[in-house]
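For reference, the structure is listed below as structure tokens.
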Amino acid sequence: MSRIAVVPGSFDPVTLGHIDVIERAAGIFDQLHVLVVHNPGKTALLPIAQRVSLIQDSIAEAGIKGDILVTSWSVGLLVDYCTDVGASVLVKGIRSQVDVAYETPMAIVNRDLAGVETVFMLPDPAHTHVSSSLVRQVASLGGDVRPYVPTPVADYLQTPR
Ligand code: PNS
């Protein structure tokens, strides 16, 4: 049986920590859906389509192999997407106990709602301090984000527009 996993997130923008988790998950599951989800609790920097495109470019830059689909979802529950595509697993990157506390209730609710299990994955410790919100702040104040994001993201953020 083909095992499909979904890696959901705001990815605003995708960071090196996200790419690390995507690479590890791609090595475990038969098919991966990297899903850009609008999070109404956050003020967005990048349009959804741009986030999808930057994730695709960043996966290519990292040379990650496997059956990986990058797409977005804006209607209904995350587990509805999982059910629609036959995915039984969500993958979430965990940097600290703060992430565990944030993710645990959502993992239990997603299992209650649709039987979708959540796998917590640890990124390389080199990335545990990296977050999209930190990158947005550094970029908006003119700082160098290259240590934290893939090259396509840094190029995009540092291009004046
Ligand atoms: O990168 P983020 O912002 O931490 O990602 C959070 C996200 C988008 C994965 C989370 O907000 C989410 O799962 N949203 C889907 C809405 C949903 O299904 N909620 C009910 C069950 S938790």
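Chain labels run A, B, ... following the order of the structure tokens; each chain numbers its residues from 1, and ligands are numbered from 1 in the order shown.
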Env. residues ligand 1 / 6 Å / only C-alpha atoms and all ligand atoms / as a VMD selection string: chain A and resid 8 to 11 37 39 77 to 78 106 109 to 110
Next, the residues of the selection above should be written as a JSON list (two decimals), in the first residue's frame with N, CA, C and O atoms.
[["chain", "number", "residue", "atom", "x", "y", "z"],
["A", 8, "PRO", "N", 1.85, 20.10, 6.18],
["A", 8, "PRO", "CA", 1.12, 21.37, 6.06],
["A", 8, "PRO", "C", 1.84, 22.51, 6.76],
["A", 8, "PRO", "O", 2.65, 22.29, 7.67],
["A", 9, "GLY", "N", 1.53, 23.72, 6.35],
["A", 9, "GLY", "CA", 2.10, 24.87, 7.04],
["A", 9, "GLY", "C", 1.76, 26.14, 6.31],
["A", 9, "GLY", "O", 1.23, 26.12, 5.19],
["A", 10, "SER", "N", 2.10, 27.27, 6.95],
["A", 10, "SER", "CA", 1.92, 28.56, 6.28],
["A", 10, "SER", "C", 3.03, 28.79, 5.26],
["A", 10, "SER", "O", 2.81, 29.43, 4.22],
["A", 11, "PHE", "N", 4.23, 28.35, 5.59],
["A", 11, "PHE", "CA", 5.40, 28.48, 4.69],
["A", 11, "PHE", "C", 5.52, 29.92, 4.17],
["A", 11, "PHE", "O", 5.66, 30.16, 2.97],
["A", 37, "VAL", "N", -1.18, 26.22, 3.61],
["A", 37, "VAL", "CA", -2.50, 26.47, 4.19],
["A", 37, "VAL", "C", -2.55, 27.90, 4.70],
["A", 37, "VAL", "O", -1.63, 28.36, 5.40],
["A", 39, "ASN", "N", -3.31, 30.54, 7.16],
["A", 39, "ASN", "CA", -3.54, 30.57, 8.61],
["A", 39, "ASN", "C", -4.12, 31.93, 8.96],
["A", 39, "ASN", "O", -3.41, 32.93, 8.97],
["A", 77, "LEU", "N", -11.44, 21.84, 6.45],
["A", 77, "LEU", "CA", -10.47, 21.29, 7.40],
["A", 77, "LEU", "C", -9.27, 20.69, 6.67],
["A", 77, "LEU", "O", -9.40, 20.12, 5.58],
["A", 78, "LEU", "N", -8.14, 20.75, 7.34],
["A", 78, "LEU", "CA", -6.93, 20.11, 6.80],
["A", 78, "LEU", "C", -7.16, 18.61, 6.60],
["A", 78, "LEU", "O", -6.72, 18.03, 5.60],
["A", 106, "MET", "N", -3.77, 20.02, 18.21],
["A", 106, "MET", "CA", -4.19, 19.91, 16.81],
["A", 106, "MET", "C", -4.05, 18.46, 16.33],
["A", 106, "MET", "O", -4.90, 17.94, 15.60],
["A", 109, "VAL", "N", -6.97, 16.48, 17.75],
["A", 109, "VAL", "CA", -8.23, 16.82, 17.07],
["A", 109, "VAL", "C", -8.25, 16.24, 15.66],
["A", 109, "VAL", "O", -9.28, 15.70, 15.21],
["A", 110, "ASN", "N", -7.15, 16.33, 14.95],
["A", 110, "ASN", "CA", -7.11, 15.79, 13.59],
["A", 110, "ASN", "C", -7.31, 14.27, 13.59],
["A", 110, "ASN", "O", -7.93, 13.72, 12.69]]
I'd like the neighbourhood of A:Ile94 as number ranges by chain, where a residue qualifies if any of its atoms comes within 8 Å (using only C-alpha atoms), though same-chain residues fewer than 5 positions away should be ignored. A: 99-100, 120-123
Please give the complete set of residues from stretch 3-160 of chain A that DSSP, run on the backbone, assigns to strand (DSSP E), formatted as number ranges by chain. A: 4-9, 31-37, 67-73, 89-93, 117-121
Once you count only C-alpha atoms, what closest atom pair and distance in Å to one decimal does each residue of stretch 37-86 of chain A within 10 Å of stretch 129-134 of chain A have, with rows by chain and rising residue number, as JSON lines?
{"residue": "A:Lys42", "atom": "CA", "partner": "A:Ser133", "partner_atom": "CA", "distance": 9.3}
{"residue": "A:Thr43", "atom": "CA", "partner": "A:Ser133", "partner_atom": "CA", "distance": 9.7}
{"residue": "A:Ala44", "atom": "CA", "partner": "A:Ser133", "partner_atom": "CA", "distance": 9.7}
{"residue": "A:Leu45", "atom": "CA", "partner": "A:Ser133", "partner_atom": "CA", "distance": 9.5}
Written file, previous selection with all heavy atoms, as a CSV table (one decimal), in the first residue's frame:
chain,number,residue,atom,x,y,z
A,42,LYS,N,-2.5,34.6,11.3
A,42,LYS,CA,-1.2,35.3,11.0
A,42,LYS,C,-1.3,36.3,9.8
A,42,LYS,O,-2.1,36.0,8.9
A,42,LYS,CB,-0.1,34.2,10.6
A,42,LYS,CG,0.2,33.3,11.7
A,42,LYS,CD,1.3,32.3,11.3
A,42,LYS,CE,1.7,31.3,12.4
A,42,LYS,NZ,2.6,30.3,12.0
A,43,THR,N,-0.6,37.4,9.9
A,43,THR,CA,-0.6,38.4,8.9
A,43,THR,C,0.4,37.9,7.8
A,43,THR,O,1.6,37.7,8.1
A,43,THR,CB,-0.2,39.7,9.4
A,43,THR,OG1,-1.1,40.1,10.5
A,43,THR,CG2,-0.3,40.8,8.3
A,44,ALA,N,-0.1,37.7,6.6
A,44,ALA,CA,0.7,37.1,5.5
A,44,ALA,C,1.7,38.1,4.9
A,44,ALA,O,1.3,39.3,4.7
A,44,ALA,CB,-0.2,36.4,4.5
A,45,LEU,N,2.8,37.6,4.5
A,45,LEU,CA,3.8,38.4,3.7
A,45,LEU,C,3.6,38.1,2.2
A,45,LEU,O,3.5,38.9,1.4
A,45,LEU,CB,5.2,38.2,4.2
A,45,LEU,CG,6.3,38.8,3.4
A,45,LEU,CD1,6.3,40.4,3.6
A,45,LEU,CD2,7.7,38.3,3.8
Counting only C-alpha atoms, which residues in stretch 29-57 of chain A sit no more than 10 Å from stretch 136-154 of chain A? For each one, give the nearest pair of atoms and the distance in Å, sorted by chain then residue number, as JSON lines.
{"residue": "A:Ala44", "atom": "CA", "partner": "A:Arg136", "partner_atom": "CA", "distance": 9.4}
{"residue": "A:Leu45", "atom": "CA", "partner": "A:Arg136", "partner_atom": "CA", "distance": 7.3}
{"residue": "A:Leu46", "atom": "CA", "partner": "A:Arg136", "partner_atom": "CA", "distance": 9.6}
{"residue": "A:Gln50", "atom": "CA", "partner": "A:Val153", "partner_atom": "CA", "distance": 9.9}
{"residue": "A:Arg51", "atom": "CA", "partner": "A:Val153", "partner_atom": "CA", "distance": 9.0}
{"residue": "A:Ser53", "atom": "CA", "partner": "A:Pro152", "partner_atom": "CA", "distance": 9.5}
{"residue": "A:Leu54", "atom": "CA", "partner": "A:Val153", "partner_atom": "CA", "distance": 6.2}
{"residue": "A:Ile55", "atom": "CA", "partner": "A:Val153", "partner_atom": "CA", "distance": 8.4}
{"residue": "A:Gln56", "atom": "CA", "partner": "A:Pro152", "partner_atom": "CA", "distance": 9.6}
{"residue": "A:Asp57", "atom": "CA", "partner": "A:Pro152", "partner_atom": "CA", "distance": 6.4}
Stretch 30-131 of chain A: which residues are alpha helix (DSSP H) by DSSP, as an MDAnalysis selection string? chainID A and resid 48:62 78:85 97:114
Would you tabulate, counting only C-alpha atoms, all residues of stretch 33-118 of chain A that have an atom at most 8 Å from an atom of stretch 13-28 of chain A, showing the closest pair of atoms and their distance in Å to one decimal, sorted by chain then ascending number, as JSON lines?
{"residue": "A:Val34", "atom": "CA", "partner": "A:Ile22", "partner_atom": "CA", "distance": 7.8}
{"residue": "A:Leu45", "atom": "CA", "partner": "A:Pro13", "partner_atom": "CA", "distance": 7.9}
{"residue": "A:Leu46", "atom": "CA", "partner": "A:Pro13", "partner_atom": "CA", "distance": 7.1}
{"residue": "A:Arg51", "atom": "CA", "partner": "A:Pro13", "partner_atom": "CA", "distance": 6.2}
{"residue": "A:Leu54", "atom": "CA", "partner": "A:Val14", "partner_atom": "CA", "distance": 7.3}
{"residue": "A:Ile55", "atom": "CA", "partner": "A:Val14", "partner_atom": "CA", "distance": 6.2}
{"residue": "A:Ser58", "atom": "CA", "partner": "A:Ile19", "partner_atom": "CA", "distance": 7.5}
{"residue": "A:Ile59", "atom": "CA", "partner": "A:Ile19", "partner_atom": "CA", "distance": 6.9}
{"residue": "A:Ala62", "atom": "CA", "partner": "A:Ile19", "partner_atom": "CA", "distance": 7.9}
{"residue": "A:Ile64", "atom": "CA", "partner": "A:Glu23", "partner_atom": "CA", "distance": 6.0}
{"residue": "A:Lys65", "atom": "CA", "partner": "A:Ala26", "partner_atom": "CA", "distance": 7.3}
{"residue": "A:Gly66", "atom": "CA", "partner": "A:Ala26", "partner_atom": "CA", "distance": 6.1}
{"residue": "A:Asp67", "atom": "CA", "partner": "A:Ala26", "partner_atom": "CA", "distance": 7.6}
{"residue": "A:Ile68", "atom": "CA", "partner": "A:Ala26", "partner_atom": "CA", "distance": 7.4}
{"residue": "A:Val91", "atom": "CA", "partner": "A:Ala25", "partner_atom": "CA", "distance": 7.4}
{"residue": "A:Lys92", "atom": "CA", "partner": "A:Val21", "partner_atom": "CA", "distance": 7.9}
{"residue": "A:Gly93", "atom": "CA", "partner": "A:Val21", "partner_atom": "CA", "distance": 6.1}
Mind dumping the selected residues with N, CA, C and O atoms as a short mmCIF file (atom, residue, chain, number, x, y, z; two decimals), in the first residue's frame?
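Written output follows (again.cif):
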data_model
loop_
_atom_site.label_atom_id
_atom_site.label_comp_id
_atom_site.auth_asym_id
_atom_site.auth_seq_id
_atom_site.Cartn_x
_atom_site.Cartn_y
_atom_site.Cartn_z
N VAL A 34 3.25 18.67 0.05
CA VAL A 34 3.60 19.85 0.84
C VAL A 34 2.48 20.86 0.59
O VAL A 34 2.26 21.31 -0.54
N LEU A 45 2.84 37.61 4.52
CA LEU A 45 3.78 38.42 3.73
C LEU A 45 3.64 38.07 2.25
O LEU A 45 3.51 38.95 1.41
N LEU A 46 3.68 36.78 1.94
CA LEU A 46 3.70 36.35 0.54
C LEU A 46 2.35 35.80 0.10
O LEU A 46 1.69 35.09 0.86
N ARG A 51 4.30 31.37 -2.42
CA ARG A 51 4.86 30.41 -1.45
C ARG A 51 5.01 29.04 -2.08
O ARG A 51 6.03 28.36 -1.88
N LEU A 54 7.98 29.11 -4.45
CA LEU A 54 9.28 29.15 -3.75
C LEU A 54 9.60 27.80 -3.11
O LEU A 54 10.78 27.39 -3.05
N ILE A 55 8.57 27.08 -2.64
CA ILE A 55 8.82 25.74 -2.09
C ILE A 55 9.30 24.81 -3.21
O ILE A 55 10.27 24.05 -3.04
N SER A 58 12.82 25.62 -4.02
CA SER A 58 13.73 25.27 -2.92
C SER A 58 13.95 23.76 -2.84
O SER A 58 15.06 23.30 -2.53
N ILE A 59 12.91 22.98 -3.13
CA ILE A 59 13.05 21.52 -3.17
C ILE A 59 14.00 21.14 -4.30
O ILE A 59 14.88 20.27 -4.13
N ALA A 62 17.57 21.99 -3.34
CA ALA A 62 18.13 21.05 -2.36
C ALA A 62 18.36 19.66 -2.95
O ALA A 62 18.97 18.80 -2.30
N ILE A 64 16.12 17.37 -3.54
CA ILE A 64 15.32 16.35 -2.83
C ILE A 64 14.59 15.49 -3.86
O ILE A 64 13.91 16.00 -4.74
N LYS A 65 14.79 14.18 -3.71
CA LYS A 65 14.19 13.24 -4.66
C LYS A 65 12.90 12.67 -4.07
O LYS A 65 12.71 12.65 -2.85
N GLY A 66 12.05 12.17 -4.92
CA GLY A 66 10.84 11.51 -4.44
C GLY A 66 9.61 12.07 -5.11
O GLY A 66 9.68 13.01 -5.90
N ASP A 67 8.49 11.44 -4.77
CA ASP A 67 7.20 11.83 -5.34
C ASP A 67 6.62 12.93 -4.45
O ASP A 67 6.00 12.66 -3.42
N ILE A 68 6.88 14.18 -4.83
CA ILE A 68 6.50 15.32 -3.98
C ILE A 68 5.60 16.27 -4.78
O ILE A 68 6.01 16.76 -5.84
N VAL A 91 2.78 15.37 8.76
CA VAL A 91 4.13 15.51 9.29
C VAL A 91 4.32 16.95 9.74
O VAL A 91 4.07 17.89 8.98
N LYS A 92 4.76 17.12 10.99
CA LYS A 92 5.03 18.45 11.53
C LYS A 92 6.46 18.51 12.07
O LYS A 92 6.89 17.60 12.79
N GLY A 93 7.16 19.56 11.75
CA GLY A 93 8.50 19.77 12.31
C GLY A 93 8.38 20.31 13.72
O GLY A 93 7.54 21.18 14.00
#
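Here atom CA of A:Pro105 stands at a distance of 12.2 Å from atom CA of A:Glu117.
All residues of protein, DNA or RNA that reach within 7 Å of A:Thr71, judged by only C-alpha atoms and not counting those fewer than 2 positions away in the chain, are Val34, Leu35, Val36, Val52 and Leu69 of chain A.
Using only C-alpha atoms, the nearest neighbour of A:Ala114 within the list A:Thr83, A:Ser96, A:Gln31, A:Ser2 is A:Thr83.
Distances to A:Ala5 were evaluated for A:Val85, A:Ile108, A:Leu90, A:Val135 using only C-alpha atoms, and the minimum falls at A:Leu90.
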Quick one, how far is atom CA of A:Glu61 from atom CA of A:His38? 24.6 Å
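Going from atom CA of A:Arg95 over to atom CA of A:Val119, you cover 13.5 Å.
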